Amino acid sequence: MTSSVKSEKNGWYNSLIEHLNKFQLVIENITNEIITNKYNPFYYHGALPQFYLWVLFISGLLLFAYYIPTIDNAYLSNRLVNAWTSVRYITNTLPFGAVVRGIHRYAGDAMVIFMLLHAIRVWFTDRYRQYRWLQWVSGVVLLLMVLFIGQTGYYLVWDDRSLLLTRMTASAFDAIPVIGGALKTWFLNGNTITNLTLSNFLFIHIGLSFALLFVLWLHYVRMTRPVITPPPAINYILVAGILLVVFLFPIVSGKMADLNQQPTSFEIDWFFLFPYWLMAHMSMPAFWVSMLVLSFVCLILPWLVRNVSPPVTPAEVVINKCTGCSLCYRDCPYQAIEMVPAPAGSRFKLLATVKTARCSACGICVGACAFDAIDLPQLTDSDITAQIKALVEVN
Amino acid sequence: MIKGPKDILIVLLALTCLGVSLVMQPWAELGFTGNFPAWLAWAMDPLGVAKWFTQLGDTKLAKDIYNFLIAHQAPGHFGDYAYALFLFAAMIVAAVAIVLIGREDAEEKTILPVKK
């Protein structure tokens, strides 16, 4: 009774999800017809942002070799060497420098786009909750980290936009009660903008980028065979797309930042800098509250939406039949089976056990077991046989 | 020797690679910084297609690309941007070739065991 009331309440939601799934299936089928399922990017949507992460690491390494994280250099005042001039050197003088800089910038944008598309797809295909909650939560953390890393990339150029963004961020941190002052000091690496500030920005930009790898590990830890590499043809197209955008929209820096001046406007990159647009259009408390609420809602989404599909009834091991062969353990896609020492008196060394919170009731373990030692309580072997017989009779 | 569409594609791809390499060579000879119109004209000459352009050193395509990049405030090294464009085209060709060559293997083949 309760469940049917809930279903009616969420009728519009379920209908939206159903329509999105149907639409997606149509697009997927058309794509399969054209380029076959092997090269269909819909089947690699999680791997696409990760591919761009490798592109970002490689291009960033090349840029790092020539980047100088200072705002001024008194010892070389006749021939000023700072972050802005090093970026100018990379862009205007270094062979391929402008192209590598463009690749780095647009690969970041592409990564955000593909992360969002990945998130939208796992949302409407209902693959983000129950036994997949960790992937969703770590994915939201990854997205927030990528957005912040991207923003620090804009500070590093040290043009007039970088200066304005730095000042806006410092003010935003300062407005947070209790910890705001400390956050501002951490952000600027002191109380004001100095050479140390740019060193800090570079550290955050690179340090957080490597921290992404740890969160990526969390993202994958409960998947036995995550698809993390698209096929070569897709990789070629992904890089080709970036190269075309680099050619069509060459990257240019603004004027060198001048601490004695206050820039008032800048060209906005909606992928990374939308929080600054919000900051400019609302009060600081409202900005922080909206950012925190939005992030929190995204994080707890798996527990907000409950009755799109019925709850999972996990698989059960028949202790008398399990030989501890580990076939189900190897085949489980969600690492929901753990092999533990068999109880005393058993003929076998190991026994399979199901971690119920991770089980998706997909039935792969049932198929893997050669001894009928694992069952789905709501879908037993005899049920499946009956269903097959019924289908055969109908056809 | 050539047995089917796969072999034809492989030969075409090899020829494309050779062509792109030949086009890239003069640009490399110019120290990767060369004047893009001159580079393209230089590349066109040994390939025997210079006659398609108005005059040597003043090709329409090269001028168009050059003017486009200047209009978009691209920094120096127009050759780098042109190379990026060439690489874009080469990668698309490579991706299409891979998909076409692998298409047959990618088709789903479900073989049901039949007891005779």
# chains A, B, ... in the order shown; residues from 1 in each chain; ligands from 1
>>> interface_residues(of="chain A", to="chain B", cutoff="6 Å", atoms="only C-alpha atoms", output="PyMOL selection string")
chain A and resi 38+92+96+233+236-237+240+243+247+250
>>> residues_around(residues="Ala211 (chain A)", least_positions_apart="5", cutoff="9 Å", atoms="only C-alpha atoms", output="count of residues only")
3
>>> select_by_dssp(residues="region 195-382 of chain A", states="helix (DSSP H, G or I)", output="ChimeraX atom specification")
/A:195-220,232-248,274-281,284-299,301-304,327-331,356-358,364-368,381-382
>>> residues_around(residues="region 187-195 of chain A", least_positions_apart="4", cutoff="12 Å", atoms="only C-alpha atoms", output="VMD selection string")
chain A and resid 68 to 74 81 to 83 152 155 to 156 158 162 to 164 166 to 174 180 to 183 199 to 205 257 to 260
>>> select_by_dssp(residues="region 127-365 of chain A", states="strand (DSSP E or B)", output="VMD selection string")
chain A and resid 159 256 316 to 317 337 to 341 350 to 354
>>> closest_atom_pairs(of="region 166-241 of chain A", to="region 314-336 of chain A", cutoff="9 Å", atoms="only C-alpha atoms", output="tab-separated table")
residue	atom	partner	partner_atom	distance
A:Val221	CA	A:Gln335	CA	8.5
A:Arg222	CA	A:Tyr334	CA	5.3
A:Met223	CA	A:Tyr334	CA	4.7
A:Thr224	CA	A:Pro333	CA	4.9
A:Arg225	CA	A:Pro333	CA	6.4
A:Pro226	CA	A:Pro333	CA	8.6
>>> residues_around(residues="Phe51 (chain A)", least_positions_apart="4", cutoff="8 Å", atoms="only C-alpha atoms", output="list of chain:residue names")
A:Ala47, A:Val55, A:Ile228, A:Thr229, A:Pro230, A:Asn235
>>> write_last_selection(atoms="N, CA and C atoms", output="short mmCIF file (atom, residue, chain, number, x, y, z; two decimals), in the first residue's frame")
data_model
loop_
_atom_site.label_atom_id
_atom_site.label_comp_id
_atom_site.auth_asym_id
_atom_site.auth_seq_id
_atom_site.Cartn_x
_atom_site.Cartn_y
_atom_site.Cartn_z
N ALA A 47 34.58 6.27 -19.43
CA ALA A 47 36.00 6.28 -19.78
C ALA A 47 36.40 7.57 -20.50
N VAL A 55 45.15 13.20 -21.09
CA VAL A 55 45.56 14.29 -22.00
C VAL A 55 45.99 15.50 -21.17
N ILE A 228 37.78 1.65 -18.39
CA ILE A 228 38.49 2.92 -18.18
C ILE A 228 39.22 3.41 -19.42
N THR A 229 39.20 2.63 -20.48
CA THR A 229 39.88 3.07 -21.70
C THR A 229 38.96 2.90 -22.90
N PRO A 230 38.66 3.98 -23.60
CA PRO A 230 37.86 3.83 -24.82
C PRO A 230 38.69 3.15 -25.90
N ASN A 235 39.43 7.28 -29.11
CA ASN A 235 40.51 8.16 -28.63
C ASN A 235 40.95 9.14 -29.71
#
>>> atom_distance(atom1="CA of Ser265 (chain A)", atom2="CA of Ile251 (chain A)")
18.2 Å
>>> closest_residue(among="A:His104, A:Arg161, A:Lys22, A:His45", to="Lys255 (chain A)", atoms="only C-alpha atoms")
A:Arg161
>>> residues_around(residues="region 379-394 of chain A", least_positions_apart="3", cutoff="9 Å", atoms="only C-alpha atoms", output="list in words")
Gly363, Val366, Asp372, Asp375 and Leu376 of chain A
>>> atom_distance(atom1="CA of Pro311 (chain A)", atom2="CA of Trp133 (chain A)")
13.6 Å
>>> atom_distance(atom1="CA of His19 (chain A)", atom2="CA of Ser138 (chain A)")
27.4 Å
>>> decode(residues="region 194-228 of chain A", atoms="N, CA and C atoms", output="PDB file, in the first residue's frame")
ATOM      1  N   THR A 194      51.297  37.712  -3.118  1.00  0.00           N
ATOM      2  CA  THR A 194      52.748  37.818  -3.305  1.00  0.00           C
ATOM      3  C   THR A 194      53.202  36.724  -4.265  1.00  0.00           C
ATOM      4  N   ASN A 195      54.529  36.628  -4.454  1.00  0.00           N
ATOM      5  CA  ASN A 195      55.052  35.539  -5.288  1.00  0.00           C
ATOM      6  C   ASN A 195      54.638  34.178  -4.746  1.00  0.00           C
ATOM      7  N   LEU A 196      54.537  34.107  -3.404  1.00  0.00           N
ATOM      8  CA  LEU A 196      54.175  32.831  -2.778  1.00  0.00           C
ATOM      9  C   LEU A 196      52.753  32.409  -3.144  1.00  0.00           C
ATOM     10  N   THR A 197      51.918  33.403  -3.471  1.00  0.00           N
ATOM     11  CA  THR A 197      50.532  33.088  -3.845  1.00  0.00           C
ATOM     12  C   THR A 197      50.512  32.214  -5.098  1.00  0.00           C
ATOM     13  N   LEU A 198      51.309  32.611  -6.081  1.00  0.00           N
ATOM     14  CA  LEU A 198      51.327  31.838  -7.334  1.00  0.00           C
ATOM     15  C   LEU A 198      51.909  30.442  -7.114  1.00  0.00           C
ATOM     16  N   SER A 199      52.907  30.350  -6.215  1.00  0.00           N
ATOM     17  CA  SER A 199      53.453  29.013  -5.899  1.00  0.00           C
ATOM     18  C   SER A 199      52.356  28.141  -5.323  1.00  0.00           C
ATOM     19  N   ASN A 200      51.524  28.752  -4.448  1.00  0.00           N
ATOM     20  CA  ASN A 200      50.428  28.008  -3.840  1.00  0.00           C
ATOM     21  C   ASN A 200      49.413  27.561  -4.893  1.00  0.00           C
ATOM     22  N   PHE A 201      49.103  28.467  -5.825  1.00  0.00           N
ATOM     23  CA  PHE A 201      48.147  28.126  -6.885  1.00  0.00           C
ATOM     24  C   PHE A 201      48.660  26.933  -7.700  1.00  0.00           C
ATOM     25  N   LEU A 202      49.970  26.982  -8.014  1.00  0.00           N
ATOM     26  CA  LEU A 202      50.548  25.892  -8.807  1.00  0.00           C
ATOM     27  C   LEU A 202      50.495  24.583  -8.023  1.00  0.00           C
ATOM     28  N   PHE A 203      50.787  24.697  -6.714  1.00  0.00           N
ATOM     29  CA  PHE A 203      50.744  23.497  -5.866  1.00  0.00           C
ATOM     30  C   PHE A 203      49.321  22.927  -5.822  1.00  0.00           C
ATOM     31  N   ILE A 204      48.336  23.827  -5.634  1.00  0.00           N
ATOM     32  CA  ILE A 204      46.940  23.343  -5.570  1.00  0.00           C
ATOM     33  C   ILE A 204      46.554  22.704  -6.905  1.00  0.00           C
ATOM     34  N   HIS A 205      46.914  23.383  -7.995  1.00  0.00           N
ATOM     35  CA  HIS A 205      46.546  22.909  -9.332  1.00  0.00           C
ATOM     36  C   HIS A 205      47.111  21.508  -9.588  1.00  0.00           C
ATOM     37  N   ILE A 206      48.386  21.321  -9.284  1.00  0.00           N
ATOM     38  CA  ILE A 206      49.023  20.028  -9.571  1.00  0.00           C
ATOM     39  C   ILE A 206      48.725  19.015  -8.461  1.00  0.00           C
ATOM     40  N   GLY A 207      48.804  19.474  -7.208  1.00  0.00           N
ATOM     41  CA  GLY A 207      48.573  18.558  -6.083  1.00  0.00           C
ATOM     42  C   GLY A 207      47.184  17.966  -6.112  1.00  0.00           C
ATOM     43  N   LEU A 208      46.180  18.819  -6.330  1.00  0.00           N
ATOM     44  CA  LEU A 208      44.800  18.303  -6.384  1.00  0.00           C
ATOM     45  C   LEU A 208      44.604  17.386  -7.591  1.00  0.00           C
ATOM     46  N   SER A 209      45.311  17.683  -8.693  1.00  0.00           N
ATOM     47  CA  SER A 209      45.191  16.831  -9.884  1.00  0.00           C
ATOM     48  C   SER A 209      45.655  15.416  -9.573  1.00  0.00           C
ATOM     49  N   PHE A 210      46.723  15.296  -8.777  1.00  0.00           N
ATOM     50  CA  PHE A 210      47.178  13.952  -8.403  1.00  0.00           C
ATOM     51  C   PHE A 210      46.238  13.336  -7.367  1.00  0.00           C
ATOM     52  N   ALA A 211      45.641  14.203  -6.519  1.00  0.00           N
ATOM     53  CA  ALA A 211      44.671  13.685  -5.538  1.00  0.00           C
ATOM     54  C   ALA A 211      43.458  13.081  -6.251  1.00  0.00           C
ATOM     55  N   LEU A 212      43.200  13.553  -7.482  1.00  0.00           N
ATOM     56  CA  LEU A 212      42.097  12.986  -8.278  1.00  0.00           C
ATOM     57  C   LEU A 212      42.267  11.479  -8.448  1.00  0.00           C
ATOM     58  N   LEU A 213      43.536  11.051  -8.556  1.00  0.00           N
ATOM     59  CA  LEU A 213      43.799   9.631  -8.788  1.00  0.00           C
ATOM     60  C   LEU A 213      43.304   8.790  -7.610  1.00  0.00           C
ATOM     61  N   PHE A 214      43.461   9.340  -6.395  1.00  0.00           N
ATOM     62  CA  PHE A 214      42.997   8.618  -5.213  1.00  0.00           C
ATOM     63  C   PHE A 214      41.467   8.505  -5.240  1.00  0.00           C
ATOM     64  N   VAL A 215      40.792   9.613  -5.577  1.00  0.00           N
ATOM     65  CA  VAL A 215      39.323   9.577  -5.615  1.00  0.00           C
ATOM     66  C   VAL A 215      38.853   8.675  -6.761  1.00  0.00           C
ATOM     67  N   LEU A 216      39.628   8.654  -7.853  1.00  0.00           N
ATOM     68  CA  LEU A 216      39.292   7.749  -8.962  1.00  0.00           C
ATOM     69  C   LEU A 216      39.370   6.289  -8.493  1.00  0.00           C
ATOM     70  N   TRP A 217      40.372   6.006  -7.652  1.00  0.00           N
ATOM     71  CA  TRP A 217      40.492   4.646  -7.100  1.00  0.00           C
ATOM     72  C   TRP A 217      39.225   4.308  -6.299  1.00  0.00           C
ATOM     73  N   LEU A 218      38.767   5.273  -5.489  1.00  0.00           N
ATOM     74  CA  LEU A 218      37.522   5.047  -4.738  1.00  0.00           C
ATOM     75  C   LEU A 218      36.347   4.817  -5.691  1.00  0.00           C
ATOM     76  N   HIS A 219      36.374   5.568  -6.806  1.00  0.00           N
ATOM     77  CA  HIS A 219      35.303   5.475  -7.800  1.00  0.00           C
ATOM     78  C   HIS A 219      35.240   4.061  -8.393  1.00  0.00           C
ATOM     79  N   TYR A 220      36.403   3.421  -8.517  1.00  0.00           N
ATOM     80  CA  TYR A 220      36.476   2.116  -9.179  1.00  0.00           C
ATOM     81  C   TYR A 220      36.542   0.942  -8.216  1.00  0.00           C
ATOM     82  N   VAL A 221      36.750   1.218  -6.928  1.00  0.00           N
ATOM     83  CA  VAL A 221      37.133   0.143  -6.011  1.00  0.00           C
ATOM     84  C   VAL A 221      36.084  -0.962  -5.911  1.00  0.00           C
ATOM     85  N   ARG A 222      34.826  -0.629  -6.143  1.00  0.00           N
ATOM     86  CA  ARG A 222      33.796  -1.666  -6.035  1.00  0.00           C
ATOM     87  C   ARG A 222      33.360  -2.212  -7.394  1.00  0.00           C
ATOM     88  N   MET A 223      34.158  -1.942  -8.406  1.00  0.00           N
ATOM     89  CA  MET A 223      33.839  -2.499  -9.728  1.00  0.00           C
ATOM     90  C   MET A 223      34.954  -3.462 -10.115  1.00  0.00           C
ATOM     91  N   THR A 224      34.584  -4.666 -10.515  1.00  0.00           N
ATOM     92  CA  THR A 224      35.601  -5.667 -10.847  1.00  0.00           C
ATOM     93  C   THR A 224      36.263  -5.363 -12.189  1.00  0.00           C
ATOM     94  N   ARG A 225      35.448  -4.961 -13.151  1.00  0.00           N
ATOM     95  CA  ARG A 225      36.006  -4.691 -14.481  1.00  0.00           C
ATOM     96  C   ARG A 225      35.526  -3.338 -14.997  1.00  0.00           C
ATOM     97  N   PRO A 226      36.004  -2.249 -14.407  1.00  0.00           N
ATOM     98  CA  PRO A 226      35.559  -0.942 -14.907  1.00  0.00           C
ATOM     99  C   PRO A 226      36.119  -0.675 -16.309  1.00  0.00           C
ATOM    100  N   VAL A 227      35.308  -0.054 -17.148  1.00  0.00           N
ATOM    101  CA  VAL A 227      35.779   0.293 -18.496  1.00  0.00           C
ATOM    102  C   VAL A 227      36.463   1.656 -18.377  1.00  0.00           C
ATOM    103  N   ILE A 228      37.783   1.655 -18.395  1.00  0.00           N
ATOM    104  CA  ILE A 228      38.492   2.918 -18.175  1.00  0.00           C
ATOM    105  C   ILE A 228      39.224   3.412 -19.415  1.00  0.00           C
TER     106      ILE A 228
END
